[in-house]
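Visitor: One file: run_2.txt (compact mmCIF, C-alpha atoms and all ligand atoms).
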# COMPACT_ATOMS: atom_id res chain seq x y z
CA MET A 21 4.87 7.15 72.45
CA THR A 22 2.58 10.17 72.02
CA ALA A 23 3.84 12.70 69.52
CA LYS A 24 3.82 16.37 70.55
CA ILE A 25 2.06 18.55 67.99
CA PHE A 26 1.98 22.35 68.04
CA ILE A 27 -0.38 24.14 65.67
CA ASP A 28 0.97 27.67 65.20
CA GLY A 29 -2.18 29.60 64.23
CA GLU A 30 -4.42 27.14 66.10
CA HIS A 31 -7.09 29.83 66.65
CA GLY A 32 -7.48 30.57 62.94
CA THR A 33 -9.77 28.86 60.43
CA THR A 34 -7.43 26.06 59.29
CA GLY A 35 -5.86 25.59 62.71
CA LEU A 36 -9.21 25.22 64.46
CA GLN A 37 -10.31 22.53 62.00
CA ILE A 38 -7.07 20.61 62.54
CA ARG A 39 -7.65 20.78 66.29
CA THR A 40 -11.19 19.45 65.85
CA ARG A 41 -9.90 16.54 63.79
CA MET A 42 -7.42 15.64 66.55
CA ALA A 43 -9.74 16.15 69.51
CA ASP A 44 -10.33 12.47 70.25
CA ARG A 45 -6.87 11.18 69.46
CA ARG A 46 -4.80 9.54 72.16
CA ASP A 47 -1.65 9.07 70.03
CA VAL A 48 -0.91 12.80 69.89
CA GLU A 49 -0.47 15.45 72.56
CA LEU A 50 -1.49 18.93 71.46
CA LEU A 51 0.71 21.73 72.74
CA SER A 52 -1.48 24.79 72.91
CA ILE A 53 -1.05 28.56 73.11
CA PRO A 54 -3.78 30.69 74.73
CA GLU A 55 -5.72 32.68 72.15
CA ALA A 56 -4.68 35.99 73.71
CA GLU A 57 -1.00 35.00 73.31
CA ARG A 58 -1.28 33.76 69.73
CA ARG A 59 1.11 36.43 68.44
CA ASN A 60 3.51 36.20 71.40
CA ALA A 61 6.74 35.43 69.56
CA ALA A 62 8.66 34.13 72.58
CA MET A 63 5.89 31.69 73.53
CA ARG A 64 5.51 30.52 69.95
CA GLU A 65 9.25 29.98 69.60
CA ASP A 66 9.30 27.92 72.78
CA LEU A 67 6.30 25.78 71.73
CA LEU A 68 7.60 25.36 68.17
CA ASN A 69 10.89 24.05 69.51
CA SER A 70 9.15 21.70 71.98
CA ALA A 71 7.10 19.89 69.31
CA ASP A 72 7.80 16.72 67.36
CA ILE A 73 5.71 18.13 64.52
CA ALA A 74 4.82 21.82 64.13
CA ILE A 75 1.84 22.55 61.89
CA LEU A 76 1.91 26.15 60.67
CA CYS A 77 -1.53 27.66 59.93
CA LEU A 78 -0.34 31.21 59.39
CA PRO A 79 -0.02 33.79 56.64
CA ASP A 80 3.08 33.32 54.43
CA ASP A 81 5.30 35.85 56.24
CA ALA A 82 4.48 34.44 59.67
CA SER A 83 5.20 30.92 58.35
CA ARG A 84 8.62 32.02 57.16
CA GLU A 85 9.20 33.61 60.56
CA ALA A 86 8.17 30.38 62.34
CA VAL A 87 10.55 28.34 60.18
CA GLY A 88 13.25 30.86 61.12
CA MET A 89 12.48 30.24 64.80
CA LEU A 90 13.37 26.59 64.17
CA ALA A 91 16.72 27.37 62.55
CA GLY A 92 19.36 25.29 64.27
CA ASN A 93 16.80 22.77 65.53
CA ASN A 94 17.19 19.63 63.44
CA LYS A 95 14.59 17.59 65.30
CA VAL A 96 11.24 19.34 64.82
CA ARG A 97 9.38 18.39 61.65
CA VAL A 98 7.14 20.96 59.97
CA ILE A 99 3.91 20.94 57.97
CA ASP A 100 3.24 24.40 56.54
CA THR A 101 -0.25 25.20 55.21
CA SER A 102 0.70 28.54 53.63
CA THR A 103 1.89 29.28 50.10
CA ALA A 104 5.44 30.04 51.28
CA PHE A 105 7.20 26.74 50.49
CA ARG A 106 4.97 24.91 48.02
CA ILE A 107 7.36 25.16 45.09
CA ASP A 108 10.52 24.99 47.17
CA PRO A 109 12.30 21.81 46.02
CA SER A 110 13.72 21.21 49.49
CA TRP A 111 10.18 20.76 50.86
CA ALA A 112 8.04 17.68 50.13
CA TYR A 113 4.77 18.66 48.47
CA GLY A 114 1.99 17.39 50.72
CA PHE A 115 -0.33 15.87 48.12
CA ALA A 116 0.03 12.18 48.97
CA GLU A 117 -1.78 11.03 45.81
CA LEU A 118 0.42 13.14 43.48
CA ASP A 119 2.15 10.00 42.19
CA LYS A 120 3.13 6.59 43.49
CA ALA A 121 6.22 7.90 45.32
CA GLN A 122 4.75 10.95 47.07
CA ALA A 123 3.30 9.32 50.19
CA ASP A 124 6.72 7.85 51.02
CA LYS A 125 8.40 11.21 50.39
CA ILE A 126 6.02 12.83 52.87
CA ARG A 127 6.49 10.00 55.36
CA SER A 128 10.23 10.60 55.59
CA ALA A 129 10.28 14.39 55.09
CA ARG A 130 11.41 16.99 57.62
CA HIS A 131 9.50 19.75 55.83
CA VAL A 132 6.12 19.27 54.16
CA ALA A 133 4.26 22.00 52.25
CA ASN A 134 0.51 21.40 52.35
CA PRO A 135 -1.11 22.16 48.97
CA GLY A 136 -3.47 25.08 48.37
CA CYS A 137 -7.16 24.23 48.14
CA TYR A 138 -7.58 25.19 44.46
CA PRO A 139 -4.32 23.51 43.39
CA THR A 140 -5.43 20.29 45.11
CA GLY A 141 -8.34 20.12 42.65
CA ALA A 142 -6.49 21.43 39.61
CA ILE A 143 -3.34 19.33 40.05
CA GLY A 144 -5.47 16.32 40.94
CA LEU A 145 -7.08 16.60 37.48
CA ILE A 146 -4.16 17.80 35.37
CA ARG A 147 -1.15 15.83 36.55
CA PRO A 148 -2.42 12.34 35.64
CA LEU A 149 -3.09 13.58 32.09
CA ARG A 150 0.40 15.07 31.78
CA GLU A 151 1.98 11.87 33.08
CA ALA A 152 -0.09 9.81 30.61
CA GLY A 153 0.97 12.07 27.70
CA ILE A 154 -2.67 13.04 27.02
CA LEU A 155 -2.25 16.76 27.71
CA PRO A 156 0.43 17.96 25.28
CA ASP A 157 3.13 20.60 25.76
CA GLY A 158 1.82 24.06 25.02
CA TYR A 159 -1.83 23.28 25.76
CA PRO A 160 -3.53 26.46 27.11
CA VAL A 161 -4.94 25.10 30.36
CA THR A 162 -7.68 27.09 32.08
CA VAL A 163 -8.87 26.54 35.64
CA ASN A 164 -12.19 28.00 36.85
CA ALA A 165 -13.29 27.55 40.41
CA VAL A 166 -15.71 28.48 43.15
CA SER A 167 -14.85 28.30 46.84
CA GLY A 168 -16.78 28.63 50.06
CA TYR A 169 -15.91 31.87 51.82
CA THR A 170 -13.91 30.23 54.65
CA GLY A 171 -11.20 29.95 51.97
CA GLY A 172 -10.44 33.59 52.71
CA GLY A 173 -9.79 32.87 56.42
CA LYS A 174 -11.03 34.95 59.38
CA GLN A 175 -10.97 38.17 57.38
CA MET A 176 -13.34 37.00 54.64
CA ILE A 177 -15.54 35.08 57.09
CA GLY A 178 -16.10 38.38 58.93
CA GLN A 179 -16.73 40.28 55.69
CA MET A 180 -19.34 37.75 54.53
CA GLU A 181 -21.05 37.15 57.88
CA ASP A 182 -21.10 40.64 59.43
CA GLN A 183 -22.87 43.04 57.11
CA SER A 184 -22.39 45.94 59.55
CA ARG A 185 -18.63 46.04 58.85
CA ASP A 186 -17.27 48.85 56.68
CA ASP A 187 -15.61 46.26 54.46
CA ALA A 188 -18.60 43.86 54.37
CA ILE A 189 -19.12 41.90 51.15
CA SER A 190 -22.77 41.91 50.05
CA ALA A 191 -22.37 39.82 46.88
CA ASN A 192 -23.64 36.24 46.97
CA ASN A 193 -21.14 35.13 44.33
CA PHE A 194 -18.16 37.11 43.11
CA LEU A 195 -15.16 36.73 40.85
CA TYR A 196 -11.79 37.82 42.19
CA GLY A 197 -8.15 37.41 41.23
CA LEU A 198 -9.06 39.60 38.25
CA PRO A 199 -5.45 40.58 37.32
CA LEU A 200 -4.87 36.82 36.76
CA ARG A 201 -1.83 36.66 39.02
CA HIS A 202 -3.24 34.46 41.79
CA LYS A 203 -0.66 33.06 44.21
CA HIS A 204 -1.72 29.49 43.35
CA VAL A 205 -0.72 29.69 39.67
CA PRO A 206 2.99 28.78 40.14
CA GLU A 207 2.03 25.81 42.30
CA MET A 208 -0.45 24.53 39.70
CA LYS A 209 2.20 24.90 36.99
CA VAL A 210 5.03 23.17 38.87
CA HIS A 211 3.12 20.25 40.38
CA GLY A 212 0.73 19.96 37.43
CA LEU A 213 3.88 19.42 35.30
CA LEU A 214 2.69 22.16 32.94
CA ASP A 215 5.05 24.02 30.61
CA ARG A 216 2.71 27.05 30.42
CA ALA A 217 1.12 28.81 33.37
CA PRO A 218 -2.59 27.98 33.55
CA LEU A 219 -5.15 30.80 33.31
CA PHE A 220 -6.84 30.66 36.72
CA SER A 221 -10.14 32.40 37.48
CA PRO A 222 -11.41 31.86 41.05
CA SER A 223 -14.69 32.93 42.62
CA VAL A 224 -16.40 32.78 46.00
CA GLY A 225 -19.98 31.89 46.87
CA ARG A 226 -22.08 32.66 49.94
CA PHE A 227 -21.57 29.26 51.54
CA ALA A 228 -19.00 28.56 54.21
CA GLN A 229 -17.18 25.46 52.97
CA GLY A 230 -16.96 23.50 49.74
CA MET A 231 -15.26 23.91 46.40
CA ILE A 232 -15.60 23.09 42.70
CA VAL A 233 -12.56 23.29 40.42
CA GLN A 234 -13.10 22.95 36.66
CA VAL A 235 -10.58 22.27 33.88
CA PRO A 236 -12.41 22.31 30.50
CA LEU A 237 -10.53 20.72 27.57
CA PHE A 238 -10.88 20.53 23.78
CA LEU A 239 -10.37 16.89 22.76
CA ASP A 240 -9.04 17.82 19.28
CA ASP A 241 -6.10 19.61 20.88
CA LEU A 242 -5.09 16.69 23.10
CA LYS A 243 -2.96 13.69 22.09
CA ASP A 244 -4.28 12.23 18.80
CA GLY A 245 -7.19 9.88 19.34
CA THR A 246 -7.96 10.99 22.91
CA THR A 247 -11.54 10.25 23.96
CA THR A 248 -13.65 11.09 26.99
CA GLU A 249 -13.35 7.44 28.00
CA GLY A 250 -9.53 7.52 27.62
CA ILE A 251 -9.26 10.55 29.90
CA HIS A 252 -11.46 8.88 32.48
CA ARG A 253 -9.35 5.70 32.31
CA ALA A 254 -6.14 7.69 32.88
CA LEU A 255 -7.62 9.23 36.04
CA VAL A 256 -8.94 5.87 37.27
CA ASP A 257 -5.51 4.24 36.71
CA HIS A 258 -3.72 7.10 38.48
CA TYR A 259 -5.90 6.91 41.61
CA ALA A 260 -6.25 3.10 41.74
CA GLY A 261 -6.09 1.93 45.35
CA GLN A 262 -6.62 5.41 46.83
CA ASP A 263 -9.47 5.98 49.27
CA ILE A 264 -9.37 9.76 49.75
CA VAL A 265 -9.36 10.71 46.06
CA SER A 266 -11.90 8.87 43.90
CA VAL A 267 -12.94 9.05 40.26
CA VAL A 268 -16.69 8.97 39.67
CA PRO A 269 -17.69 6.30 37.09
CA LEU A 270 -18.69 7.77 33.71
CA GLU A 271 -22.13 6.11 33.86
CA GLU A 272 -22.75 7.79 37.20
CA SER A 273 -21.64 11.27 36.15
CA ALA A 274 -23.65 10.98 32.91
CA LYS A 275 -26.81 10.78 35.01
CA LEU A 276 -26.08 13.98 36.97
CA SER A 277 -27.78 17.25 36.13
CA ARG A 278 -25.82 19.33 38.65
CA VAL A 279 -22.82 19.24 40.97
CA ASP A 280 -23.29 20.62 44.49
CA ALA A 281 -20.22 22.52 45.76
CA GLU A 282 -21.15 21.57 49.34
CA GLU A 283 -21.53 17.82 48.81
CA LEU A 284 -18.24 16.92 50.49
CA VAL A 285 -18.36 19.48 53.30
CA ASP A 286 -16.88 18.15 56.55
CA THR A 287 -15.20 15.27 54.77
CA ASP A 288 -11.55 14.97 53.79
CA ARG A 289 -12.33 13.38 50.43
CA MET A 290 -12.03 14.63 46.86
CA LYS A 291 -14.17 13.39 43.95
CA LEU A 292 -13.10 13.78 40.33
CA PHE A 293 -15.60 13.81 37.44
CA VAL A 294 -15.25 13.68 33.66
CA PHE A 295 -18.23 15.37 31.98
CA GLY A 296 -19.01 15.43 28.28
CA THR A 297 -20.76 13.43 25.60
CA SER A 298 -19.03 10.42 24.09
CA GLY A 299 -17.79 11.48 20.63
CA GLY A 300 -18.33 15.18 21.44
CA PRO A 301 -15.58 17.78 21.05
CA HIS A 302 -15.21 18.83 24.69
CA VAL A 303 -14.70 17.42 28.17
CA ASN A 304 -15.02 19.24 31.46
CA LEU A 305 -12.88 17.84 34.27
CA VAL A 306 -14.28 18.66 37.68
CA ALA A 307 -12.85 18.27 41.18
CA LEU A 308 -15.15 18.49 44.20
CA LEU A 309 -13.72 18.93 47.70
CA ASP A 310 -14.07 20.79 50.97
CA ASN A 311 -11.58 23.70 50.90
CA LEU A 312 -11.00 23.06 54.61
CA GLY A 313 -10.98 19.24 54.23
CA LYS A 314 -8.75 17.80 51.51
CA GLY A 315 -8.06 21.45 50.61
CA ALA A 316 -6.38 22.29 53.95
CA SER A 317 -6.93 20.79 57.40
CA GLY A 318 -7.81 17.25 56.29
CA ALA A 319 -4.72 17.12 54.10
CA ALA A 320 -2.57 18.45 56.97
CA VAL A 321 -3.78 15.65 59.27
CA GLN A 322 -3.28 13.09 56.46
CA ASN A 323 0.31 14.34 56.11
CA MET A 324 0.87 14.31 59.87
CA ASP A 325 -0.33 10.69 59.99
CA LEU A 326 2.07 9.73 57.20
CA MET A 327 4.94 11.44 59.06
CA LEU A 328 4.02 9.70 62.31
CA SER A 329 4.03 6.34 60.51
CA ALA A 330 7.69 6.75 59.45
N1 LIG B 401 -8.90 28.78 54.74
C1 LIG B 401 -8.62 27.89 53.81
O1 LIG B 401 -9.52 27.30 53.16
C2 LIG B 401 -7.20 27.57 53.49
C3 LIG B 401 -6.15 28.24 54.09
N2 LIG B 401 -4.86 27.88 53.79
C4 LIG B 401 -3.71 28.60 54.36
O2 LIG B 401 -3.64 28.34 55.74
C5 LIG B 401 -3.00 29.44 56.39
C6 LIG B 401 -3.95 29.92 57.48
O3 LIG B 401 -5.13 30.40 56.84
P1 LIG B 401 -6.51 30.55 57.58
O4 LIG B 401 -6.60 29.60 58.69
O5 LIG B 401 -7.54 30.56 56.55
O6 LIG B 401 -6.31 32.06 58.14
P2 LIG B 401 -6.96 32.76 59.41
O7 LIG B 401 -6.77 34.22 59.19
O8 LIG B 401 -8.32 32.25 59.65
O9 LIG B 401 -6.03 32.29 60.61
C7 LIG B 401 -4.68 32.65 60.69
C8 LIG B 401 -4.26 32.64 62.16
O10 LIG B 401 -2.88 32.98 62.22
C9 LIG B 401 -2.74 34.03 63.18
N3 LIG B 401 -1.60 34.88 62.85
C10 LIG B 401 -1.50 35.77 61.84
N4 LIG B 401 -0.28 36.35 61.85
C11 LIG B 401 0.39 35.81 62.89
C12 LIG B 401 1.67 36.00 63.42
N5 LIG B 401 2.54 36.87 62.87
N6 LIG B 401 2.06 35.26 64.49
C13 LIG B 401 1.20 34.38 65.05
N7 LIG B 401 -0.06 34.16 64.60
C14 LIG B 401 -0.44 34.87 63.53
C15 LIG B 401 -4.02 34.79 63.10
O11 LIG B 401 -4.22 35.58 64.25
P3 LIG B 401 -5.10 36.90 64.21
O12 LIG B 401 -6.49 36.46 64.54
O13 LIG B 401 -4.49 37.77 65.26
O14 LIG B 401 -5.01 37.50 62.85
C16 LIG B 401 -5.04 33.65 62.98
O15 LIG B 401 -5.35 33.10 64.22
C17 LIG B 401 -2.77 30.53 55.34
O16 LIG B 401 -1.46 30.49 54.88
C18 LIG B 401 -3.76 30.13 54.25
O17 LIG B 401 -3.33 30.63 53.04
C19 LIG B 401 -4.60 26.84 52.94
C20 LIG B 401 -5.60 26.16 52.33
C21 LIG B 401 -6.99 26.51 52.51
C1 LIG B 402 -11.60 32.18 48.89
C2 LIG B 402 -10.16 32.59 49.04
O1 LIG B 402 -9.85 33.74 49.27
N1 LIG B 402 -9.27 31.63 48.94
C3 LIG B 402 -7.86 31.86 49.10
C4 LIG B 402 -7.10 30.59 48.94
C5 LIG B 402 -7.26 29.61 50.04
C6 LIG B 402 -6.10 28.64 50.05
O2 LIG B 402 -5.94 27.66 49.40
O3 LIG B 402 -5.14 29.06 50.77
P1 LIG B 402 -3.62 29.25 50.57
O4 LIG B 402 -3.11 28.91 49.28
O5 LIG B 402 -3.48 30.67 50.85
O6 LIG B 402 -2.98 28.42 51.55
C7 LIG B 402 -7.31 32.82 48.05
O7 LIG B 402 -7.80 32.84 46.94
O8 LIG B 402 -6.29 33.46 48.36
What is this file in structure tokens?

Guide:
Amino acid sequence: MTAKIFIDGEHGTTGLQIRTRMADRRDVELLSIPEAERRNAAMREDLLNSADIAILCLPDDASREAVGMLAGNNKVRVIDTSTAFRIDPSWAYGFAELDKAQADKIRSARHVANPGCYPTGAIGLIRPLREAGILPDGYPVTVNAVSGYTGGGKQMIGQMEDQSRDDAISANNFLYGLPLRHKHVPEMKVHGLLDRAPLFSPSVGRFAQGMIVQVPLFLDDLKDGTTTEGIHRALVDHYAGQDIVSVVPLEESAKLSRVDAEELVDTDRMKLFVFGTSGGPHVNLVALLDNLGKGASGAAVQNMDLMLSA
């Protein structure tokens, strides 16, 4: 049986990439809304209620509105890509590699909250170390990141690509989120199993897609006796058997002189690195992904596939 999928927000950045990923699939039927009608509430409500799975690629408020349009319908399953439900305990968090049980939780869930792009990297690095007891309570975690500008959706794409706009951005690389209250912080804290909110400093570069997320750590302040090799082993053990998230061998990362933010563009994979010198005082944990791949659209399709396999 073909499953009916409606992408609410299909003409936006995340929605378009989900559509591209599904273009050749015969096991799903895409219900579509004409671009000119994308904000037509009656049409959206009708399509939302006709789907087996609705994938919401909308701003937070519009996502909440779409979920409201499904009130009373106990058949349609939902994947939401916004921030609206990511720490709502009644929604399954859509990071299948979070722990051994998460893929099954997604498979059987009615409501799945797709992770944010930055949290995918940060949680992917932090959570295994919390579960292994390596990262102690109270540790002041910092997360520094750079994203391709598509992370800011249609608005930022226009600001970066059309220099004639009044609100054009001319910088090639800029810091933002300067008040340190980014909407991804609660999600990193909850699903990273942290007891303190991490200090998160994001930035954007003049490249469309790609992302580097860094979590630097002081070994002396981790569990007694923690080494670079021990941290690497904890990540390898956590992701054993996974094909989308991989941990780069220490010998391989030791040979690198740089990490290219665009290396995984147009893939749905995420690579994790442990940098540092054996016996040295610091490690830098690095996640590399495509903000629109494992950071958004790729993860949404991965979650849809899990739900269809229920
Ligand atoms: N871009 C990324 O890398 C990532 C994005 N996300 C999340 O995915 C969601 C979508 O983001 P993104 O694709 O980047 O955003 P875009 O702005 O590129 O696309 C959003 C789409 O939703 C439409 N839309 C906005 N409001 C409404 C409404 N009230 N009713 C119907 N349609 C509406 C927009 O139409 P219009 O053109 O008229 O504005 C647009 O087509 C957001 O919640 C974002 O936070 C998550 C992870 C990564
Ligand atoms: C470069 C840029 O602006 N990025 C977005 C996050 C993109 C993302 O992960 O989206 P959501 O969490 O909103 O779903 C931001 O910082 O708000």

Visitor: May I ask you to write as a CSV table (one decimal) with C-alpha atoms, keeping the file's coordinate frame all residues lying at most 6 Å from ligand LIG 402 (chain B), with all atoms listed in the file counted?

Guide:
chain,number,residue,atom,x,y,z
A,101,THR,CA,-0.2,25.2,55.2
A,102,SER,CA,0.7,28.5,53.6
A,103,THR,CA,1.9,29.3,50.1
A,136,GLY,CA,-3.5,25.1,48.4
A,137,CYS,CA,-7.2,24.2,48.1
A,138,TYR,CA,-7.6,25.2,44.5
A,167,SER,CA,-14.8,28.3,46.8
A,169,TYR,CA,-15.9,31.9,51.8
A,171,GLY,CA,-11.2,30.0,52.0
A,172,GLY,CA,-10.4,33.6,52.7
A,224,VAL,CA,-16.4,32.8,46.0

Visitor: Between A:Thr287, A:Asn69, A:Asn60, A:Gln37, single out the one closest to Lys24 of chain A, counting all atoms listed in the file.

Guide: A:Asn69

Visitor: Which residues are near ligand LIG 401 (chain B) in this structure, taking near to mean any atom at most 6 Å from a ligand atom and counting all atoms listed in the file? Format them as a ChimeraX atom specification.

Guide: /A:29,31-35,58-59,77-80,82,101-103,136-137,170-174,311-312,315-316

Visitor: Using only C-alpha atoms, tabulate the residues of segment 85-115 of chain A lying at most 12 Å from any atom of segment 203-207 of chain A, each with its closest atom pair and that distance in Å to one decimal, by chain and increasing residue number, as CSV.

Guide:
residue,atom,partner,partner_atom,distance
A:Ser102,CA,A:Lys203,CA,10.5
A:Thr103,CA,A:Lys203,CA,7.4
A:Ala104,CA,A:Lys203,CA,9.8
A:Phe105,CA,A:Glu207,CA,9.7
A:Arg106,CA,A:Glu207,CA,6.5
A:Ile107,CA,A:Glu207,CA,6.1
A:Asp108,CA,A:Glu207,CA,9.8
A:Pro109,CA,A:Glu207,CA,11.6
A:Tyr113,CA,A:Glu207,CA,9.8
A:Gly114,CA,A:Glu207,CA,11.9
A:Phe115,CA,A:Glu207,CA,11.8

Visitor: Would you compute the distance between atom CA of Thr248 of chain A and atom CA of Ser266 of chain A? Give it in Å to one decimal.

Guide: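 One can read the atom CA of Thr248 of chain A to atom CA of Ser266 of chain A distance as 17.1 Å.
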
Visitor: Counting only C-alpha atoms, which of A:Ile189, A:Leu90, A:Ala61, A:Met208 gets nearest to Pro135 of chain A?

Guide: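 Comparing A:Ile189, A:Leu90, A:Ala61, A:Met208 against Pro135 of chain A, the winner is A:Met208.
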
Visitor: What does segment 71-82 of chain A look like written to a file with N, CA, C and O atoms, as an mmCIF file, in the first residue's frame?

Guide:
data_model
loop_
_atom_site.group_PDB
_atom_site.id
_atom_site.type_symbol
_atom_site.label_atom_id
_atom_site.label_comp_id
_atom_site.auth_asym_id
_atom_site.auth_seq_id
_atom_site.Cartn_x
_atom_site.Cartn_y
_atom_site.Cartn_z
ATOM 1 N N ALA A 71 -3.793 12.830 4.918
ATOM 2 C CA ALA A 71 -2.494 12.141 4.856
ATOM 3 C C ALA A 71 -2.418 10.971 5.834
ATOM 4 O O ALA A 71 -3.166 10.905 6.811
ATOM 5 N N ASP A 72 -1.520 10.036 5.540
ATOM 6 C CA ASP A 72 -1.144 9.042 6.560
ATOM 7 C C ASP A 72 -0.086 9.658 7.473
ATOM 8 O O ASP A 72 -0.120 9.475 8.683
ATOM 9 N N ILE A 73 0.876 10.352 6.831
ATOM 10 C CA ILE A 73 1.885 11.073 7.622
ATOM 11 C C ILE A 73 1.953 12.509 7.104
ATOM 12 O O ILE A 73 2.101 12.742 5.904
ATOM 13 N N ALA A 74 1.828 13.466 8.014
ATOM 14 C CA ALA A 74 2.008 14.885 7.674
ATOM 15 C C ALA A 74 3.382 15.309 8.165
ATOM 16 O O ALA A 74 3.730 15.051 9.324
ATOM 17 N N ILE A 75 4.167 15.900 7.270
ATOM 18 C CA ILE A 75 5.492 16.402 7.664
ATOM 19 C C ILE A 75 5.412 17.921 7.657
ATOM 20 O O ILE A 75 5.161 18.533 6.609
ATOM 21 N N LEU A 76 5.588 18.517 8.819
ATOM 22 C CA LEU A 76 5.421 19.973 8.950
ATOM 23 C C LEU A 76 6.780 20.656 8.804
ATOM 24 O O LEU A 76 7.700 20.392 9.588
ATOM 25 N N CYS A 77 6.904 21.510 7.786
ATOM 26 C CA CYS A 77 8.158 22.248 7.544
ATOM 27 C C CYS A 77 7.839 23.728 7.612
ATOM 28 O O CYS A 77 7.928 24.457 6.617
ATOM 29 N N LEU A 78 7.431 24.161 8.751
ATOM 30 C CA LEU A 78 6.827 25.478 8.977
ATOM 31 C C LEU A 78 7.495 26.161 10.166
ATOM 32 O O LEU A 78 8.109 25.486 11.001
ATOM 33 N N PRO A 79 7.316 27.466 10.293
ATOM 34 C CA PRO A 79 7.726 28.122 11.545
ATOM 35 C C PRO A 79 6.932 27.538 12.729
ATOM 36 O O PRO A 79 5.853 26.959 12.535
ATOM 37 N N ASP A 80 7.450 27.759 13.939
ATOM 38 C CA ASP A 80 6.840 27.150 15.141
ATOM 39 C C ASP A 80 5.332 27.405 15.259
ATOM 40 O O ASP A 80 4.556 26.480 15.504
ATOM 41 N N ASP A 81 4.926 28.670 15.086
ATOM 42 C CA ASP A 81 3.499 28.998 15.290
ATOM 43 C C ASP A 81 2.623 28.273 14.273
ATOM 44 O O ASP A 81 1.538 27.776 14.615
ATOM 45 N N ALA A 82 3.095 28.227 13.023
ATOM 46 C CA ALA A 82 2.312 27.562 11.981
ATOM 47 C C ALA A 82 2.268 26.051 12.235
ATOM 48 O O ALA A 82 1.271 25.389 11.933
#
